[in-house]
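Read the structure below first, then the notes.
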Amino acid sequence: MGGEDRGGRNFLDLPEDCVADVFSLTSPRDTCRLSTVSSKFRDLLQSDTVWDRFLPSDFNSIISQSSDSSLLNRFPSKKQLYLSLCDNPIIIEHGRKSFALEKVSGKKTYMISARDLKIAWGDTPSYWRWNSNPDSRFGEVAELICVCWFDISGKINTQMLSPATRYEAYLVYQSTGAHGFEYHPTEATVGLAGTEGCKLTVYLIGERGGNPRRYQMVRRIGWLRRNRILELQGYEGDREVQYPRTREDGWIEVKLGEFFNKEGQDGDLEISILEVKSGFWKRGILVQGIEIRPTNHCTGNAC
């Protein structure tokens, strides 16, 4: 493949800005694949002109919020900066959020730290405790000591997200002998402020393929033996049920919902997870934050 058309003109003889515009209509993954076609393609596709198109238009403003002031000067090329932002999330907004890029598409990814979430009773030490954790990207995590009313919510302005992009929200946490969540599912909602949003039934512990109704019935029998009646509430067989999974970084995540960020949309994306109906006391999880990331990302590494 020489890049020539039938008239003998070479595509690579076009001005670099024109070629960069063409490749910016593809994706970072496709660009990496095209760089293997020929040495001429490879040299061109390493240029800052091409990779600048894959960085968000406001990346300088975002990076300026990071405590690492040398980040922009550390990488000799825009491609290296791009890949670093994919593999190494940066902390912004005085430690309240992290920012990264999704490698295949270059779309923005954020995590809202536990400190930036609204946690019911979060400032009451007998219910929640704030600790440092060497495995967390943030300075603090929220440790659940014991609550009956489990209520966590957060928000992020849609202008911070990539436009025309479908996002998923995940609670990111660890289990430290979690107890109480297996008896009743939590209710998760993700949507634009003022709208009904996407609603899911979420289990913070347990495995896909289990039978939560059967498990609740077993628990009910146990309570009846103590002359207490536990009503089976909240499990909805016709609603999508989400179960946790372990991430590559060792933390656990569970999907809370989806949201499509329309072009030009301006408002607050609100995310919540709630369990207040069962009457069970819950304990034993560490909350790192809520991550908002693009859907349909690929695990392949073409770069």
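Simple scheme: letters A, B, ... for chains in structure tokens order, numbers from 1 for residues in each chain, numbers from 1 for ligands in the order shown.
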Within 10 Å of Gln265 (chain A), counting only C-alpha atoms, which residues qualify if same-chain residues fewer than 5 places away don't, as a list of chain:residue names? A:Asn157, A:Thr158, A:Gln159, A:Leu161, A:Pro163, A:Ala164, A:Leu192, A:Phe260
Quick one: residues within 9 Å of Leu171 (chain A), only C-alpha atoms counted, chain neighbours fewer than 6 positions away excluded, as a PyMOL selection string? chain A and resi 252-256+273+287-291
Going by DSSP on the backbone, which residues of region 1-220 of chain A come out as strand (DSSP E or B)? List them as a CSV table (one decimal) with all heavy atoms, in the first residue's frame.
```csv
chain,number,residue,atom,x,y,z
A,4,GLU,N,-1.0,5.9,-3.0
A,4,GLU,CA,-1.2,6.6,-4.2
A,4,GLU,C,-2.6,6.4,-4.8
A,4,GLU,O,-3.2,5.3,-4.6
A,4,GLU,CB,-0.2,6.2,-5.2
A,4,GLU,CG,1.2,6.6,-4.9
A,4,GLU,CD,2.2,6.2,-6.0
A,4,GLU,OE1,1.8,5.7,-7.0
A,4,GLU,OE2,3.4,6.5,-5.8
A,10,ASN,N,0.2,11.0,-4.4
A,10,ASN,CA,0.4,10.3,-3.2
A,10,ASN,C,-0.3,10.9,-2.0
A,10,ASN,O,-0.2,12.1,-1.8
A,10,ASN,CB,1.9,10.2,-2.9
A,10,ASN,CG,2.3,9.2,-1.8
A,10,ASN,OD1,1.6,9.1,-0.8
A,10,ASN,ND2,3.3,8.4,-2.1
A,90,ILE,N,-4.8,10.8,36.4
A,90,ILE,CA,-4.2,11.9,37.2
A,90,ILE,C,-5.3,12.4,38.2
A,90,ILE,O,-6.5,12.3,37.9
A,90,ILE,CB,-3.7,13.0,36.3
A,90,ILE,CG1,-4.9,13.6,35.5
A,90,ILE,CG2,-2.6,12.6,35.4
A,90,ILE,CD1,-4.5,14.9,34.7
A,91,ILE,N,-4.8,12.9,39.3
A,91,ILE,CA,-5.7,13.4,40.4
A,91,ILE,C,-5.9,14.9,40.1
A,91,ILE,O,-5.0,15.7,40.0
A,91,ILE,CB,-5.1,13.2,41.8
A,91,ILE,CG1,-4.8,11.7,41.9
A,91,ILE,CG2,-6.1,13.7,42.8
A,91,ILE,CD1,-6.0,10.8,41.8
A,92,ILE,N,-7.2,15.3,40.1
A,92,ILE,CA,-7.5,16.7,39.8
A,92,ILE,C,-8.5,17.2,40.9
A,92,ILE,O,-8.9,16.5,41.8
A,92,ILE,CB,-8.2,16.9,38.4
A,92,ILE,CG1,-9.4,16.1,38.3
A,92,ILE,CG2,-7.2,16.5,37.3
A,92,ILE,CD1,-10.2,16.3,37.0
A,97,LYS,N,-11.2,14.2,42.4
A,97,LYS,CA,-11.6,13.4,41.2
A,97,LYS,C,-10.3,12.9,40.6
A,97,LYS,O,-9.2,13.5,40.8
A,97,LYS,CB,-12.4,14.2,40.2
A,97,LYS,CG,-13.8,14.6,40.6
A,97,LYS,CD,-14.5,15.3,39.5
A,97,LYS,CE,-16.0,15.6,39.9
A,97,LYS,NZ,-16.0,16.7,40.9
A,98,SER,N,-10.4,11.9,39.8
A,98,SER,CA,-9.3,11.5,38.9
A,98,SER,C,-9.8,11.5,37.5
A,98,SER,O,-11.0,11.4,37.2
A,98,SER,CB,-8.8,10.1,39.2
A,98,SER,OG,-9.8,9.1,38.8
A,99,PHE,N,-8.8,11.7,36.5
A,99,PHE,CA,-9.1,11.8,35.1
A,99,PHE,C,-8.2,10.9,34.3
A,99,PHE,O,-7.0,10.8,34.7
A,99,PHE,CB,-8.9,13.3,34.7
A,99,PHE,CG,-8.9,13.4,33.2
A,99,PHE,CD1,-10.1,13.5,32.4
A,99,PHE,CD2,-7.7,13.5,32.5
A,99,PHE,CE1,-10.1,13.6,31.1
A,99,PHE,CE2,-7.7,13.6,31.1
A,99,PHE,CZ,-8.9,13.7,30.4
A,100,ALA,N,-8.8,10.3,33.3
A,100,ALA,CA,-8.0,9.4,32.4
A,100,ALA,C,-8.7,9.4,31.1
A,100,ALA,O,-9.8,9.9,30.9
A,100,ALA,CB,-7.9,8.0,33.0
A,101,LEU,N,-8.0,8.8,30.1
A,101,LEU,CA,-8.6,8.6,28.8
A,101,LEU,C,-8.8,7.1,28.5
A,101,LEU,O,-8.0,6.3,29.0
A,101,LEU,CB,-7.6,9.2,27.7
A,101,LEU,CG,-7.4,10.7,27.7
A,101,LEU,CD1,-6.4,11.0,26.6
A,101,LEU,CD2,-8.7,11.5,27.5
A,108,LYS,N,-13.2,10.6,27.6
A,108,LYS,CA,-12.8,11.0,28.9
A,108,LYS,C,-13.4,10.0,29.9
A,108,LYS,O,-14.5,9.5,29.8
A,108,LYS,CB,-13.3,12.4,29.3
A,108,LYS,CG,-12.7,13.5,28.5
A,108,LYS,CD,-13.4,14.8,28.8
A,108,LYS,CE,-12.9,16.0,28.0
A,108,LYS,NZ,-13.6,17.2,28.3
A,109,THR,N,-12.6,9.7,31.0
A,109,THR,CA,-13.1,8.9,32.1
A,109,THR,C,-12.8,9.6,33.4
A,109,THR,O,-11.7,10.2,33.5
A,109,THR,CB,-12.3,7.5,32.1
A,109,THR,OG1,-12.7,6.8,30.9
A,109,THR,CG2,-12.7,6.7,33.3
A,110,TYR,N,-13.7,9.6,34.3
A,110,TYR,CA,-13.5,10.2,35.6
A,110,TYR,C,-13.9,9.2,36.7
A,110,TYR,O,-14.7,8.3,36.6
A,110,TYR,CB,-14.4,11.4,35.8
A,110,TYR,CG,-14.1,12.6,34.9
A,110,TYR,CD1,-14.6,12.8,33.6
A,110,TYR,CD2,-13.2,13.6,35.4
A,110,TYR,CE1,-14.3,13.9,32.9
A,110,TYR,CE2,-12.8,14.7,34.6
A,110,TYR,CZ,-13.4,14.8,33.3
A,110,TYR,OH,-13.1,15.9,32.6
A,111,MET,N,-13.2,9.4,37.9
A,111,MET,CA,-13.7,8.8,39.1
A,111,MET,C,-13.9,9.9,40.1
A,111,MET,O,-13.1,10.7,40.4
A,111,MET,CB,-12.7,7.7,39.6
A,111,MET,CG,-13.3,7.0,40.9
A,111,MET,SD,-12.1,5.8,41.7
A,111,MET,CE,-12.0,4.6,40.4
A,112,ILE,N,-15.1,9.9,40.7
A,112,ILE,CA,-15.4,10.8,41.8
A,112,ILE,C,-15.0,10.1,43.1
A,112,ILE,O,-15.4,9.0,43.4
A,112,ILE,CB,-16.9,11.1,41.8
A,112,ILE,CG1,-17.4,11.5,40.5
A,112,ILE,CG2,-17.3,12.1,42.9
A,112,ILE,CD1,-18.9,11.7,40.4
A,113,SER,N,-14.1,10.8,43.9
A,113,SER,CA,-13.6,10.2,45.1
A,113,SER,C,-14.7,10.1,46.1
A,113,SER,O,-15.7,10.8,46.1
A,113,SER,CB,-12.5,11.0,45.6
A,113,SER,OG,-13.0,12.2,46.2
A,118,LYS,N,-21.7,12.2,48.3
A,118,LYS,CA,-22.6,12.5,49.5
A,118,LYS,C,-23.0,11.2,50.1
A,118,LYS,O,-23.7,10.4,49.5
A,118,LYS,CB,-23.9,13.3,49.0
A,118,LYS,CG,-24.8,13.6,50.1
A,118,LYS,CD,-26.0,14.4,49.6
A,118,LYS,CE,-27.0,14.8,50.8
A,118,LYS,NZ,-28.2,15.5,50.3
A,119,ILE,N,-22.5,11.0,51.3
A,119,ILE,CA,-22.7,9.7,52.0
A,119,ILE,C,-23.5,10.0,53.3
A,119,ILE,O,-23.1,10.7,54.1
A,119,ILE,CB,-21.4,9.0,52.4
A,119,ILE,CG1,-20.5,8.8,51.1
A,119,ILE,CG2,-21.6,7.7,53.2
A,119,ILE,CD1,-19.2,8.1,51.4
A,128,TRP,N,-19.5,5.6,59.8
A,128,TRP,CA,-18.4,5.6,58.7
A,128,TRP,C,-17.1,6.1,59.3
A,128,TRP,O,-17.1,7.0,60.1
A,128,TRP,CB,-18.9,6.5,57.5
A,128,TRP,CG,-20.0,5.9,56.7
A,128,TRP,CD1,-21.3,6.1,56.9
A,128,TRP,CD2,-19.9,5.2,55.5
A,128,TRP,NE1,-22.1,5.5,55.9
A,128,TRP,CE2,-21.2,4.9,55.1
A,128,TRP,CE3,-18.8,4.6,54.8
A,128,TRP,CZ2,-21.5,4.2,53.9
A,128,TRP,CZ3,-19.1,3.9,53.6
A,128,TRP,CH2,-20.4,3.7,53.2
A,129,ARG,N,-16.0,5.5,58.8
A,129,ARG,CA,-14.7,6.0,59.2
A,129,ARG,C,-13.9,6.3,57.9
A,129,ARG,O,-14.0,5.6,56.9
A,129,ARG,CB,-14.0,4.9,60.0
A,129,ARG,CG,-12.7,5.3,60.5
A,129,ARG,CD,-12.0,4.1,61.2
A,129,ARG,NE,-12.9,3.6,62.3
A,129,ARG,CZ,-13.0,2.4,62.8
A,129,ARG,NH1,-12.3,1.4,62.1
A,129,ARG,NH2,-13.7,2.1,63.8
A,130,TRP,N,-13.1,7.4,58.0
A,130,TRP,CA,-12.3,7.8,56.9
A,130,TRP,C,-10.8,7.4,57.1
A,130,TRP,O,-10.2,7.7,58.1
A,130,TRP,CB,-12.4,9.3,56.7
A,130,TRP,CG,-13.7,9.7,56.2
A,130,TRP,CD1,-14.8,10.1,57.0
A,130,TRP,CD2,-14.2,9.7,54.9
A,130,TRP,NE1,-15.9,10.3,56.2
A,130,TRP,CE2,-15.6,10.1,54.9
A,130,TRP,CE3,-13.6,9.5,53.6
A,130,TRP,CZ2,-16.3,10.3,53.8
A,130,TRP,CZ3,-14.4,9.6,52.5
A,130,TRP,CH2,-15.7,10.0,52.6
A,131,ASN,N,-10.3,6.6,56.2
A,131,ASN,CA,-9.0,6.0,56.3
A,131,ASN,C,-8.1,6.2,55.1
A,131,ASN,O,-8.7,6.4,54.0
A,131,ASN,CB,-9.0,4.5,56.6
A,131,ASN,CG,-9.8,4.1,57.8
A,131,ASN,OD1,-9.6,4.8,58.8
A,131,ASN,ND2,-10.6,3.1,57.8
A,141,VAL,N,-10.3,6.8,51.8
A,141,VAL,CA,-11.5,6.0,51.4
A,141,VAL,C,-12.5,6.0,52.6
A,141,VAL,O,-12.1,6.3,53.7
A,141,VAL,CB,-11.0,4.5,51.1
A,141,VAL,CG1,-10.1,4.5,49.9
A,141,VAL,CG2,-10.4,3.9,52.3
A,142,ALA,N,-13.7,5.7,52.3
A,142,ALA,CA,-14.7,5.7,53.3
A,142,ALA,C,-15.0,4.2,53.7
A,142,ALA,O,-15.4,3.4,52.9
A,142,ALA,CB,-16.0,6.3,52.8
A,143,GLU,N,-14.8,3.9,55.0
A,143,GLU,CA,-15.0,2.6,55.5
A,143,GLU,C,-16.4,2.5,56.2
A,143,GLU,O,-16.6,3.3,57.2
A,143,GLU,CB,-13.9,2.2,56.5
A,143,GLU,CG,-14.1,0.8,57.1
A,143,GLU,CD,-13.1,0.5,58.2
A,143,GLU,OE1,-12.2,1.3,58.5
A,143,GLU,OE2,-13.1,-0.7,58.7
A,144,LEU,N,-17.2,1.6,55.8
A,144,LEU,CA,-18.5,1.4,56.4
A,144,LEU,C,-18.4,0.6,57.7
A,144,LEU,O,-18.0,-0.6,57.6
A,144,LEU,CB,-19.5,0.7,55.4
A,144,LEU,CG,-20.8,0.3,55.9
A,144,LEU,CD1,-21.6,1.5,56.5
A,144,LEU,CD2,-21.7,-0.4,54.9
A,147,VAL,N,-24.3,0.6,59.3
A,147,VAL,CA,-25.5,1.5,59.0
A,147,VAL,C,-26.7,0.6,58.7
A,147,VAL,O,-26.5,-0.5,58.2
A,147,VAL,CB,-25.2,2.5,57.9
A,147,VAL,CG1,-24.1,3.5,58.2
A,147,VAL,CG2,-24.9,1.8,56.6
A,150,PHE,N,-28.3,2.9,54.0
A,150,PHE,CA,-27.2,3.0,53.1
A,150,PHE,C,-27.6,3.9,51.9
A,150,PHE,O,-28.5,3.5,51.1
A,150,PHE,CB,-26.9,1.6,52.7
A,150,PHE,CG,-25.6,1.5,51.8
A,150,PHE,CD1,-24.4,1.6,52.3
A,150,PHE,CD2,-25.8,1.4,50.4
A,150,PHE,CE1,-23.2,1.5,51.5
A,150,PHE,CE2,-24.7,1.3,49.6
A,150,PHE,CZ,-23.4,1.4,50.1
A,151,ASP,N,-26.9,5.0,51.8
A,151,ASP,CA,-27.3,6.0,50.8
A,151,ASP,C,-26.1,6.8,50.4
A,151,ASP,O,-25.5,7.5,51.1
A,151,ASP,CB,-28.3,7.0,51.5
A,151,ASP,CG,-28.9,8.0,50.5
A,151,ASP,OD1,-28.5,8.0,49.3
A,151,ASP,OD2,-29.7,8.8,50.9
A,152,ILE,N,-25.7,6.5,49.1
A,152,ILE,CA,-24.5,7.2,48.6
A,152,ILE,C,-24.9,7.8,47.2
A,152,ILE,O,-25.6,7.2,46.4
A,152,ILE,CB,-23.3,6.2,48.3
A,152,ILE,CG1,-22.8,5.6,49.7
A,152,ILE,CG2,-22.2,6.9,47.6
A,152,ILE,CD1,-21.7,4.6,49.5
A,153,SER,N,-24.5,9.1,47.0
A,153,SER,CA,-24.8,9.7,45.7
A,153,SER,C,-23.7,10.6,45.3
A,153,SER,O,-22.9,11.1,46.1
A,153,SER,CB,-26.1,10.5,45.8
A,153,SER,OG,-26.0,11.5,46.8
A,154,GLY,N,-23.6,10.9,44.0
A,154,GLY,CA,-22.6,11.8,43.5
A,154,GLY,C,-23.1,12.4,42.2
A,154,GLY,O,-24.1,12.0,41.6
A,155,LYS,N,-22.4,13.5,41.7
A,155,LYS,CA,-22.8,14.1,40.5
A,155,LYS,C,-21.6,14.7,39.8
A,155,LYS,O,-20.5,14.9,40.4
A,155,LYS,CB,-23.8,15.2,40.7
A,155,LYS,CG,-23.3,16.4,41.6
A,155,LYS,CD,-24.5,17.4,41.8
A,155,LYS,CE,-24.0,18.5,42.7
A,155,LYS,NZ,-25.1,19.5,42.9
A,156,ILE,N,-21.7,14.8,38.5
A,156,ILE,CA,-20.7,15.4,37.7
A,156,ILE,C,-21.4,16.2,36.5
A,156,ILE,O,-22.4,15.7,36.0
A,156,ILE,CB,-19.7,14.4,37.1
A,156,ILE,CG1,-18.5,15.0,36.4
A,156,ILE,CG2,-20.4,13.4,36.2
A,156,ILE,CD1,-17.4,14.0,36.1
A,157,ASN,N,-20.8,17.3,36.2
A,157,ASN,CA,-21.4,18.1,35.1
A,157,ASN,C,-21.2,17.4,33.7
A,157,ASN,O,-20.1,17.0,33.5
A,157,ASN,CB,-20.9,19.5,35.1
A,157,ASN,CG,-21.7,20.4,34.2
A,157,ASN,OD1,-21.4,20.5,33.0
A,157,ASN,ND2,-22.7,21.1,34.7
A,165,THR,N,-21.5,10.5,23.6
A,165,THR,CA,-20.9,9.3,24.1
A,165,THR,C,-21.8,8.7,25.2
A,165,THR,O,-22.4,9.4,26.0
A,165,THR,CB,-19.5,9.7,24.8
A,165,THR,OG1,-18.7,10.3,23.8
A,165,THR,CG2,-18.8,8.4,25.3
A,166,ARG,N,-21.9,7.3,25.1
A,166,ARG,CA,-22.6,6.6,26.1
A,166,ARG,C,-21.7,6.2,27.3
A,166,ARG,O,-20.6,5.7,27.0
A,166,ARG,CB,-23.3,5.4,25.6
A,166,ARG,CG,-24.1,4.6,26.6
A,166,ARG,CD,-25.0,3.5,25.9
A,166,ARG,NE,-26.0,4.1,25.1
A,166,ARG,CZ,-27.2,4.6,25.6
A,166,ARG,NH1,-27.4,4.6,26.9
A,166,ARG,NH2,-28.0,5.1,24.8
A,167,TYR,N,-22.1,6.5,28.5
A,167,TYR,CA,-21.3,6.3,29.7
A,167,TYR,C,-21.9,5.2,30.6
A,167,TYR,O,-23.2,5.1,30.6
A,167,TYR,CB,-21.1,7.5,30.5
A,167,TYR,CG,-19.9,8.4,29.9
A,167,TYR,CD1,-20.2,9.4,29.0
A,167,TYR,CD2,-18.6,8.3,30.4
A,167,TYR,CE1,-19.2,10.2,28.5
A,167,TYR,CE2,-17.6,9.1,29.9
A,167,TYR,CZ,-17.9,10.0,29.0
A,167,TYR,OH,-16.9,10.8,28.5
A,168,GLU,N,-21.1,4.5,31.3
A,168,GLU,CA,-21.6,3.7,32.4
A,168,GLU,C,-21.0,4.2,33.7
A,168,GLU,O,-19.8,4.7,33.7
A,168,GLU,CB,-21.1,2.2,32.2
A,168,GLU,CG,-21.7,1.6,30.9
A,168,GLU,CD,-21.2,0.2,30.7
A,168,GLU,OE1,-20.1,-0.1,31.1
A,168,GLU,OE2,-21.9,-0.6,30.0
A,169,ALA,N,-21.7,4.0,34.8
A,169,ALA,CA,-21.2,4.4,36.1
A,169,ALA,C,-21.0,3.2,37.0
A,169,ALA,O,-21.9,2.3,36.9
A,169,ALA,CB,-22.2,5.4,36.8
A,170,TYR,N,-19.9,3.1,37.7
A,170,TYR,CA,-19.6,2.0,38.6
A,170,TYR,C,-19.3,2.4,40.0
A,170,TYR,O,-18.5,3.4,40.2
A,170,TYR,CB,-18.4,1.2,38.0
A,170,TYR,CG,-18.7,0.5,36.7
A,170,TYR,CD1,-18.7,1.1,35.5
A,170,TYR,CD2,-19.1,-0.9,36.7
A,170,TYR,CE1,-18.9,0.5,34.3
A,170,TYR,CE2,-19.3,-1.5,35.5
A,170,TYR,CZ,-19.3,-0.9,34.3
A,170,TYR,OH,-19.5,-1.5,33.2
A,171,LEU,N,-19.8,1.7,41.0
A,171,LEU,CA,-19.3,1.9,42.3
A,171,LEU,C,-18.0,1.1,42.5
A,171,LEU,O,-18.0,-0.1,42.1
A,171,LEU,CB,-20.3,1.5,43.4
A,171,LEU,CG,-19.9,1.6,44.8
A,171,LEU,CD1,-19.8,3.1,45.2
A,171,LEU,CD2,-20.8,0.9,45.8
A,172,VAL,N,-16.9,1.7,43.0
A,172,VAL,CA,-15.6,1.0,43.1
A,172,VAL,C,-15.3,0.9,44.6
A,172,VAL,O,-15.3,1.9,45.4
A,172,VAL,CB,-14.5,1.8,42.4
A,172,VAL,CG1,-13.2,1.1,42.6
A,172,VAL,CG2,-14.8,2.0,41.0
A,173,TYR,N,-15.1,-0.3,45.1
A,173,TYR,CA,-15.0,-0.6,46.5
A,173,TYR,C,-14.2,-1.9,46.8
A,173,TYR,O,-13.9,-2.6,45.9
A,173,TYR,CB,-16.4,-0.7,47.1
A,173,TYR,CG,-17.3,-1.8,46.6
A,173,TYR,CD1,-17.5,-3.0,47.3
A,173,TYR,CD2,-17.9,-1.7,45.3
A,173,TYR,CE1,-18.3,-4.0,46.8
A,173,TYR,CE2,-18.7,-2.7,44.8
A,173,TYR,CZ,-18.9,-3.8,45.6
A,173,TYR,OH,-19.6,-4.9,45.1
A,174,GLN,N,-14.0,-2.1,48.1
A,174,GLN,CA,-13.5,-3.4,48.5
A,174,GLN,C,-14.4,-4.0,49.6
A,174,GLN,O,-15.0,-3.2,50.3
A,174,GLN,CB,-12.0,-3.2,49.1
A,174,GLN,CG,-11.0,-3.0,48.0
A,174,GLN,CD,-9.6,-2.8,48.6
A,174,GLN,OE1,-9.4,-2.8,49.8
A,174,GLN,NE2,-8.6,-2.8,47.8
A,175,SER,N,-14.3,-5.3,49.8
A,175,SER,CA,-15.1,-5.9,50.9
A,175,SER,C,-14.1,-6.3,52.0
A,175,SER,O,-13.1,-6.9,51.7
A,175,SER,CB,-15.8,-7.2,50.3
A,175,SER,OG,-16.3,-7.9,51.4
A,176,THR,N,-14.4,-5.9,53.2
A,176,THR,CA,-13.7,-6.3,54.4
A,176,THR,C,-14.6,-7.0,55.3
A,176,THR,O,-14.8,-6.6,56.4
A,176,THR,CB,-13.1,-5.0,55.1
A,176,THR,OG1,-14.2,-4.1,55.4
A,176,THR,CG2,-12.1,-4.3,54.1
A,177,GLY,N,-15.1,-8.2,54.8
A,177,GLY,CA,-16.0,-8.9,55.6
A,177,GLY,C,-17.4,-8.3,55.5
A,177,GLY,O,-18.1,-8.2,56.5
A,178,ALA,N,-17.8,-7.9,54.3
A,178,ALA,CA,-19.1,-7.3,54.1
A,178,ALA,C,-20.2,-8.1,54.6
A,178,ALA,O,-20.2,-9.4,54.4
A,178,ALA,CB,-19.3,-7.0,52.6
A,179,HIS,N,-21.2,-7.5,55.2
A,179,HIS,CA,-22.3,-8.2,55.8
A,179,HIS,C,-23.6,-7.3,55.7
A,179,HIS,O,-23.5,-6.1,55.9
A,179,HIS,CB,-22.0,-8.5,57.3
A,179,HIS,CG,-23.1,-9.2,58.0
A,179,HIS,ND1,-23.4,-10.6,57.8
A,179,HIS,CD2,-24.0,-8.8,58.9
A,179,HIS,CE1,-24.4,-10.9,58.5
A,179,HIS,NE2,-24.8,-9.9,59.2
A,186,THR,N,-29.6,-3.5,46.5
A,186,THR,CA,-29.6,-2.0,46.6
A,186,THR,C,-30.2,-1.5,45.3
A,186,THR,O,-30.3,-2.2,44.3
A,186,THR,CB,-28.2,-1.4,46.7
A,186,THR,OG1,-27.4,-1.9,45.7
A,186,THR,CG2,-27.6,-1.8,48.1
A,187,GLU,N,-30.7,-0.3,45.3
A,187,GLU,CA,-31.3,0.3,44.1
A,187,GLU,C,-30.4,1.4,43.6
A,187,GLU,O,-30.0,2.3,44.3
A,187,GLU,CB,-32.7,0.9,44.5
A,187,GLU,CG,-33.7,-0.1,45.0
A,187,GLU,CD,-35.0,0.5,45.5
A,187,GLU,OE1,-35.1,1.7,45.4
A,187,GLU,OE2,-35.9,-0.3,45.9
A,188,ALA,N,-30.0,1.3,42.3
A,188,ALA,CA,-29.1,2.3,41.7
A,188,ALA,C,-29.8,3.1,40.6
A,188,ALA,O,-30.6,2.5,39.9
A,188,ALA,CB,-27.9,1.6,41.1
A,189,THR,N,-29.5,4.4,40.6
A,189,THR,CA,-30.1,5.2,39.6
A,189,THR,C,-29.0,6.1,39.0
A,189,THR,O,-28.2,6.7,39.7
A,189,THR,CB,-31.2,6.1,40.2
A,189,THR,OG1,-32.2,5.3,40.9
A,189,THR,CG2,-31.9,7.0,39.2
A,190,VAL,N,-29.0,6.2,37.7
A,190,VAL,CA,-28.1,7.1,36.9
A,190,VAL,C,-28.9,7.9,35.9
A,190,VAL,O,-29.6,7.3,35.1
A,190,VAL,CB,-27.0,6.3,36.2
A,190,VAL,CG1,-26.1,7.2,35.4
A,190,VAL,CG2,-26.1,5.5,37.2
A,191,GLY,N,-28.8,9.2,36.0
A,191,GLY,CA,-29.5,10.0,35.0
A,191,GLY,C,-29.3,11.5,35.2
A,191,GLY,O,-28.7,12.0,36.2
A,192,LEU,N,-29.7,12.3,34.2
A,192,LEU,CA,-29.6,13.7,34.2
A,192,LEU,C,-30.6,14.2,35.3
A,192,LEU,O,-31.7,13.8,35.5
A,192,LEU,CB,-30.0,14.3,32.9
A,192,LEU,CG,-29.6,15.7,32.6
A,192,LEU,CD1,-28.1,15.8,32.5
A,192,LEU,CD2,-30.2,16.2,31.2
A,198,CYS,N,-31.8,5.9,34.5
A,198,CYS,CA,-31.7,4.4,34.4
A,198,CYS,C,-31.6,3.8,35.8
A,198,CYS,O,-30.9,4.3,36.7
A,198,CYS,CB,-30.4,4.1,33.7
A,198,CYS,SG,-29.9,2.4,33.7
A,199,LYS,N,-32.5,2.8,36.0
A,199,LYS,CA,-32.6,2.2,37.3
A,199,LYS,C,-32.2,0.7,37.2
A,199,LYS,O,-32.6,0.0,36.3
A,199,LYS,CB,-34.0,2.3,37.9
A,199,LYS,CG,-34.4,3.7,38.2
A,199,LYS,CD,-35.8,3.8,38.7
A,199,LYS,CE,-36.3,5.2,39.0
A,199,LYS,NZ,-35.5,5.9,40.0
A,200,LEU,N,-31.3,0.3,38.1
A,200,LEU,CA,-30.9,-1.1,38.2
A,200,LEU,C,-31.0,-1.7,39.6
A,200,LEU,O,-30.9,-0.9,40.6
A,200,LEU,CB,-29.4,-1.2,37.7
A,200,LEU,CG,-29.1,-0.8,36.3
A,200,LEU,CD1,-27.6,-1.0,36.1
A,200,LEU,CD2,-29.8,-1.6,35.3
A,201,THR,N,-31.1,-3.0,39.7
A,201,THR,CA,-31.1,-3.7,40.9
A,201,THR,C,-29.6,-4.2,41.1
A,201,THR,O,-29.1,-4.8,40.2
A,201,THR,CB,-32.0,-4.9,41.0
A,201,THR,OG1,-33.4,-4.4,40.9
A,201,THR,CG2,-31.9,-5.7,42.2
A,202,VAL,N,-29.0,-3.9,42.2
A,202,VAL,CA,-27.6,-4.1,42.4
A,202,VAL,C,-27.3,-4.9,43.6
A,202,VAL,O,-27.8,-4.6,44.7
A,202,VAL,CB,-26.8,-2.7,42.4
A,202,VAL,CG1,-25.3,-2.9,42.8
A,202,VAL,CG2,-27.0,-2.0,41.1
```
Nearest to Leu274 (chain A) among A:Glu240, A:Gly194, A:Leu286, A:Trp149, with distances taken over only C-alpha atoms: which residue is it?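 Of A:Glu240, A:Gly194, A:Leu286, A:Trp149, the one nearest Leu274 (chain A), counting only C-alpha atoms, is A:Trp149.
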Within 12 Å of Pro15 (chain A), counting only C-alpha atoms, which residues show up once you throw out same-chain ones fewer than 5 positions away? Write them as a ChimeraX atom specification, please. /A:10,20-22,44,49-50
With DSSP run on the backbone, what are the helix (DSSP H, G or I) residues within region 75-250 of chain A? I'd like them as a PyMOL selection string. chain A and resi 78-87+114-116+158-160+181-183+212-224
Suppose you want the space between CA of Asp135 (chain A) and CA of Phe59 (chain A); what is it in Å? 26.2 Å
What is the distance, in Å and to one decimal place, between CA of Arg137 (chain A) and CA of Gly180 (chain A)?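 That distance, rounded to one decimal, is 27.0 Å.
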So which one's closest to Val276 (chain A), A:Cys18, A:Val104, A:Cys148, A:Leu85? Using only C-alpha atoms, please.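 Between A:Cys18, A:Val104, A:Cys148, A:Leu85, the residue approaching Val276 (chain A) most closely is A:Cys148.
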